[in-house]
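Colleague: What follows is the file data-v6.txt, containing compact mmCIF, C-alpha atoms:
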```txt
# COMPACT_ATOMS: atom_id res chain seq x y z
CA MET A 1 164.32 111.96 132.51
CA ASP A 2 167.08 113.43 134.68
CA ILE A 3 168.45 110.43 136.56
CA GLN A 4 170.51 112.59 138.89
CA LYS A 5 167.36 114.34 140.15
CA THR A 6 165.05 111.31 140.24
CA GLU A 7 164.25 109.94 143.67
CA ASN A 8 164.86 106.21 144.13
CA VAL A 9 166.97 105.90 140.96
CA ILE A 10 170.57 105.54 142.15
CA LEU A 11 173.32 105.66 139.52
CA LEU A 12 176.47 104.35 141.17
CA ASP A 13 179.79 105.98 140.31
CA HIS A 14 182.57 104.13 142.14
CA PRO A 15 185.76 104.00 140.02
CA LEU A 16 186.21 100.26 140.64
CA LEU A 17 182.65 99.62 139.49
CA LYS A 18 183.19 101.62 136.30
CA HIS A 19 186.46 99.79 135.63
CA LYS A 20 184.94 96.34 136.04
CA ILE A 21 181.93 97.19 133.88
CA THR A 22 184.30 98.32 131.12
CA LEU A 23 186.04 94.93 131.27
CA LEU A 24 182.62 93.27 131.22
CA ARG A 25 181.68 95.05 127.98
CA ASP A 26 184.76 93.90 126.08
CA LYS A 27 183.81 91.20 123.56
CA ARG A 28 187.21 89.58 124.17
CA THR A 29 186.32 88.85 127.80
CA GLY A 30 185.82 85.09 128.08
CA THR A 31 183.15 83.21 130.01
CA ASN A 32 185.21 82.56 133.14
CA GLU A 33 186.36 86.16 133.51
CA PHE A 34 182.91 87.50 132.61
CA ARG A 35 181.31 85.38 135.32
CA ARG A 36 183.90 86.52 137.87
CA LEU A 37 183.37 90.17 136.97
CA VAL A 38 179.59 89.89 137.34
CA LYS A 39 180.12 88.45 140.83
CA GLU A 40 182.55 91.25 141.79
CA ILE A 41 180.23 93.93 140.41
CA ALA A 42 177.33 92.44 142.39
CA VAL A 43 179.43 92.76 145.56
CA LEU A 44 180.13 96.44 144.86
CA GLU A 45 176.51 97.22 144.04
CA GLY A 46 175.22 95.15 146.93
CA TYR A 47 177.46 97.03 149.33
CA GLU A 48 175.71 100.26 148.33
CA ALA A 49 172.19 98.83 148.16
CA LEU A 50 172.51 97.26 151.62
CA ARG A 51 173.91 100.30 153.41
CA HIS A 52 170.48 101.16 154.87
CA LEU A 53 170.22 97.88 156.82
CA LYS A 54 169.34 98.39 160.45
CA THR A 55 171.63 97.21 163.23
CA GLU A 56 171.16 96.27 166.85
CA PRO A 57 173.68 96.04 169.71
CA VAL A 58 175.00 92.69 170.87
CA GLU A 59 177.58 91.71 173.43
CA VAL A 60 180.76 90.04 172.18
CA GLU A 61 183.95 89.16 173.97
CA THR A 62 187.20 90.11 172.27
CA PRO A 63 190.57 88.72 173.39
CA ILE A 64 190.79 91.88 175.51
CA GLU A 65 187.34 92.45 177.00
CA LYS A 66 183.58 92.27 176.64
CA THR A 67 182.03 94.96 174.47
CA ILE A 68 178.73 96.01 172.92
CA GLN A 69 178.92 96.17 169.12
CA PRO A 70 176.43 96.46 166.22
CA THR A 71 175.11 93.54 164.18
CA ILE A 72 172.48 93.41 161.45
CA SER A 73 169.01 93.17 162.98
CA GLY A 74 166.32 90.95 161.55
CA LYS A 75 168.42 89.47 158.72
CA LYS A 76 165.24 88.58 156.81
CA LEU A 77 166.73 89.23 153.39
CA CYS A 78 165.91 87.53 150.12
CA PHE A 79 167.79 87.79 146.83
CA VAL A 80 165.64 87.08 143.77
CA PRO A 81 167.50 86.72 140.46
CA ILE A 82 165.53 86.94 137.23
CA LEU A 83 166.50 83.79 135.35
CA ARG A 84 168.79 83.13 133.87
CA ALA A 85 171.24 86.04 133.76
CA GLY A 86 170.39 87.18 137.28
CA LEU A 87 171.91 83.98 138.64
CA GLY A 88 175.34 85.43 137.91
CA MET A 89 174.82 88.10 140.58
CA VAL A 90 173.63 85.81 143.38
CA GLU A 91 177.02 84.55 144.58
CA GLY A 92 178.32 88.10 144.98
CA MET A 93 175.29 89.15 147.01
CA LEU A 94 175.47 86.02 149.18
CA SER A 95 179.11 86.73 149.95
CA LEU A 96 177.83 89.87 151.70
CA VAL A 97 174.89 88.22 153.49
CA PRO A 98 175.34 84.42 153.53
CA SER A 99 172.20 83.93 155.63
CA ALA A 100 169.89 85.49 153.03
CA LYS A 101 167.25 83.34 151.34
CA VAL A 102 167.18 83.03 147.55
CA GLY A 103 164.09 82.95 145.35
CA HIS A 104 163.90 82.60 141.57
CA ILE A 105 161.74 84.16 138.88
CA GLY A 106 161.92 82.81 135.34
CA LEU A 107 161.05 85.15 132.49
CA TYR A 108 161.86 84.89 128.79
CA ARG A 109 161.59 87.55 126.10
CA ASP A 110 159.53 86.98 122.96
CA GLU A 111 161.96 87.46 120.07
CA VAL A 112 159.29 89.19 117.96
CA THR A 113 157.37 91.36 120.43
CA HIS A 114 160.22 91.68 122.99
CA GLU A 115 157.57 91.17 125.70
CA PRO A 116 158.49 89.09 128.80
CA HIS A 117 156.68 85.85 129.68
CA GLU A 118 156.80 84.05 133.03
CA TYR A 119 157.72 80.37 133.14
CA TYR A 120 158.91 79.85 136.73
CA CYS A 121 158.49 81.33 140.20
CA LYS A 122 159.81 79.87 143.46
CA LEU A 123 160.06 82.07 146.54
CA PRO A 124 160.90 81.43 150.22
CA TYR A 125 158.25 81.44 152.92
CA SER A 126 157.11 84.66 154.65
CA ILE A 127 157.92 86.73 151.58
CA ALA A 128 155.88 89.64 152.97
CA GLU A 129 158.23 89.95 155.94
CA ARG A 130 161.46 90.00 153.93
CA GLU A 131 163.52 92.66 152.26
CA ILE A 132 163.61 91.60 148.61
CA TYR A 133 166.49 92.41 146.24
CA VAL A 134 165.68 91.62 142.62
CA LEU A 135 168.80 90.94 140.53
CA ASP A 136 169.19 91.25 136.76
CA PRO A 137 172.35 92.40 134.94
CA MET A 138 170.42 94.23 132.21
CA LEU A 139 167.50 96.66 132.41
CA ALA A 140 166.56 97.11 128.74
CA THR A 141 162.88 97.79 127.99
CA GLY A 142 161.97 97.39 131.65
CA GLY A 143 159.36 94.75 130.81
CA SER A 144 160.97 91.87 132.70
CA ALA A 145 161.77 94.08 135.69
CA CYS A 146 158.21 95.37 135.92
CA ASP A 147 156.73 91.89 135.51
CA ALA A 148 159.03 90.47 138.19
CA VAL A 149 158.02 93.18 140.66
CA LYS A 150 154.34 92.75 139.79
CA LEU A 151 154.64 89.02 140.48
CA LEU A 152 156.43 89.63 143.79
CA LYS A 153 153.74 92.06 144.89
CA GLN A 154 151.06 89.53 143.99
CA LYS A 155 152.86 87.06 146.27
CA GLY A 156 152.77 89.58 149.11
CA ALA A 157 156.20 91.24 148.91
CA LYS A 158 156.22 94.78 150.28
CA ASN A 159 159.86 95.86 150.61
CA ILE A 160 161.56 95.55 147.19
CA THR A 161 164.81 96.89 145.71
CA PHE A 162 165.99 96.32 142.13
CA ILE A 163 169.68 96.03 141.23
CA CYS A 164 171.03 95.96 137.68
CA ILE A 165 174.48 96.38 136.16
CA ILE A 166 173.64 98.19 132.91
CA ALA A 167 170.43 100.06 132.08
CA ALA A 168 168.94 101.82 129.07
CA PRO A 169 167.12 105.14 129.60
CA GLU A 170 163.95 103.57 128.17
CA GLY A 171 164.00 100.82 130.80
CA VAL A 172 164.72 103.19 133.67
CA LYS A 173 161.84 105.44 132.60
CA ALA A 174 159.40 102.54 132.26
CA PHE A 175 160.38 100.99 135.60
CA HIS A 176 160.34 104.26 137.54
CA GLU A 177 156.97 105.27 136.11
CA ALA A 178 155.50 101.89 137.07
CA TYR A 179 157.15 101.66 140.52
CA PRO A 180 158.46 105.05 141.66
CA GLU A 181 158.57 103.83 145.27
CA ILE A 182 161.09 101.06 144.54
CA PRO A 183 164.82 101.89 144.78
CA LEU A 184 166.62 101.14 141.51
CA TYR A 185 170.40 100.72 141.67
CA ILE A 186 172.27 101.06 138.35
CA GLY A 187 175.94 100.37 137.65
CA ALA A 188 176.00 102.16 134.27
CA LEU A 189 173.41 104.08 132.27
CA ASP A 190 173.86 103.50 128.53
CA ARG A 191 172.76 105.48 125.48
CA CYS A 192 169.65 103.72 124.12
CA LEU A 193 168.02 100.54 122.85
CA ASN A 194 168.49 99.41 119.26
CA GLU A 195 165.79 98.01 116.96
CA ASN A 196 166.19 94.57 118.59
CA ALA A 197 165.76 96.02 122.11
CA TYR A 198 169.42 95.46 122.98
CA ILE A 199 171.19 98.07 125.10
CA CYS A 200 173.75 100.21 123.24
CA PRO A 201 176.69 100.06 123.72
CA GLY A 202 175.77 97.39 126.27
CA LEU A 203 177.63 94.09 126.51
CA GLY A 204 175.56 91.71 124.39
CA ASP A 205 173.42 88.96 125.89
CA ALA A 206 174.42 88.72 129.56
CA GLY A 207 172.98 85.23 130.02
CA ASP A 208 174.85 83.83 127.03
CA ARG A 209 178.09 85.40 128.18
CA ILE A 210 177.71 84.19 131.78
CA PHE A 211 176.89 80.60 130.81
CA GLY A 212 178.96 80.31 127.65
CA THR A 213 176.03 79.68 125.33
CA LEU A 214 176.97 82.16 122.61
CA LYS A 215 176.13 80.99 119.09
```
Hey, can you dump this file as C-alpha cells for me?

Modeller:
Amino acid sequence: MDIQKTENVILLDHPLLKHKITLLRDKRTGTNEFRRLVKEIAVLEGYEALRHLKTEPVEVETPIEKTIQPTISGKKLCFVPILRAGLGMVEGMLSLVPSAKVGHIGLYRDEVTHEPHEYYCKLPYSIAEREIYVLDPMLATGGSACDAVKLLKQKGAKNITFICIIAAPEGVKAFHEAYPEIPLYIGALDRCLNENAYICPGLGDAGDRIFGTLK
C-alpha cells in the first residue's frame, strides 16, 4: 500500500512533529515529559486535521475601527479519545477548540487474540450533526480503530476523522480498506507489527507511558 498515493491517508511531515515523536519513542522519556509531548503532538496534528473547517464573517471592533473578519462557523466539533491512551491527546485538541464536546469510547485488547472489546461508550447529544475526531496514539492492527468507527456510525455519526501519532502499515491497510472515506492522519508510519501486535520500532505501550503504569 503506497501511503503517499492513497486518498484520505495523510502522513504528516512537519519537522517539529518528527522531532517530538523521536523524543516520545525514547525509553528514557519519563511520564511527565511523555504526557507533555503527547499533548504537543496532538496540537500539531490537530492543526493540520482542522484546516478544512469552514468560516463565516463576523463584525468585530478593534481599537482602531470596526471590521469584518472570519470565525469558525458551526463549531459543532467532538473529540472522541479511545480509552485510555487517547485521553492523552484530548487536552492538546481542546487547546485548539475549547468549545468542542468530548465523548469517550472504551476498548481493551485481548492479550491472546489481540482483538478489541468494548467496555464503555459515552457520547454527546446530536452526534449525527457533529464533526467527530477520534483520537488514539497508536494504530497497530487497526482493530480498535475500526471498532470505534463502527460504534460511532451505529450511534449516527456521519462526519468522522481519525488521528493517531504512530501507525503500523498493517493497521493503516486494515482501517483504509474498512473505511476508505474517513480521513486518517498519521504522525509517523513505522515498519511493522511484531508477534505480540506491538508496533516496531514504536514507543511501547502508550497508555502505560502516559499514566505511569509500567510494570

Colleague: Show which residues sit within 12 Å of segment 45-52 of chain A, as a ChimeraX atom specification. Count all atoms listed in the file, and ignore same-chain residues fewer than 2 positions away.

Modeller: /A:8-14,16-18,20-21,38-43,54-55,72-73,75,77-79,89-97,131-137,160-166,182-188

Colleague: Calculated over only C-alpha atoms, which of the candidates A:Leu53, A:Leu139, A:Ala178, A:Ala148 has the smallest distance to Tyr198 of chain A?

Modeller: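 Ranking A:Leu53, A:Leu139, A:Ala178, A:Ala148 by distance to Tyr198 of chain A, first place goes to A:Leu139.
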
Colleague: In Å, with one decimal, what is the gap from atom CA of Thr29 of chain A to atom CA of Ala85 of chain A?

Modeller: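 These two atoms are separated by 16.5 Å.
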
Colleague: Please determine, counting only C-alpha atoms, which residue among A:Leu23, A:Met138, A:Leu37, A:Leu44 has the shortest atom-to-atom distance to Asp205 of chain A.

Modeller: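 Once distances to Asp205 of chain A are computed over only C-alpha atoms, the minimum belongs to A:Met138.
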
Colleague: To one decimal in Å, tell me the separation between atom CA of Pro180 of chain A and atom CA of Leu83 of chain A.

Modeller: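 Atom-to-atom, atom CA of Pro180 of chain A to atom CA of Leu83 of chain A, that is 23.6 Å.
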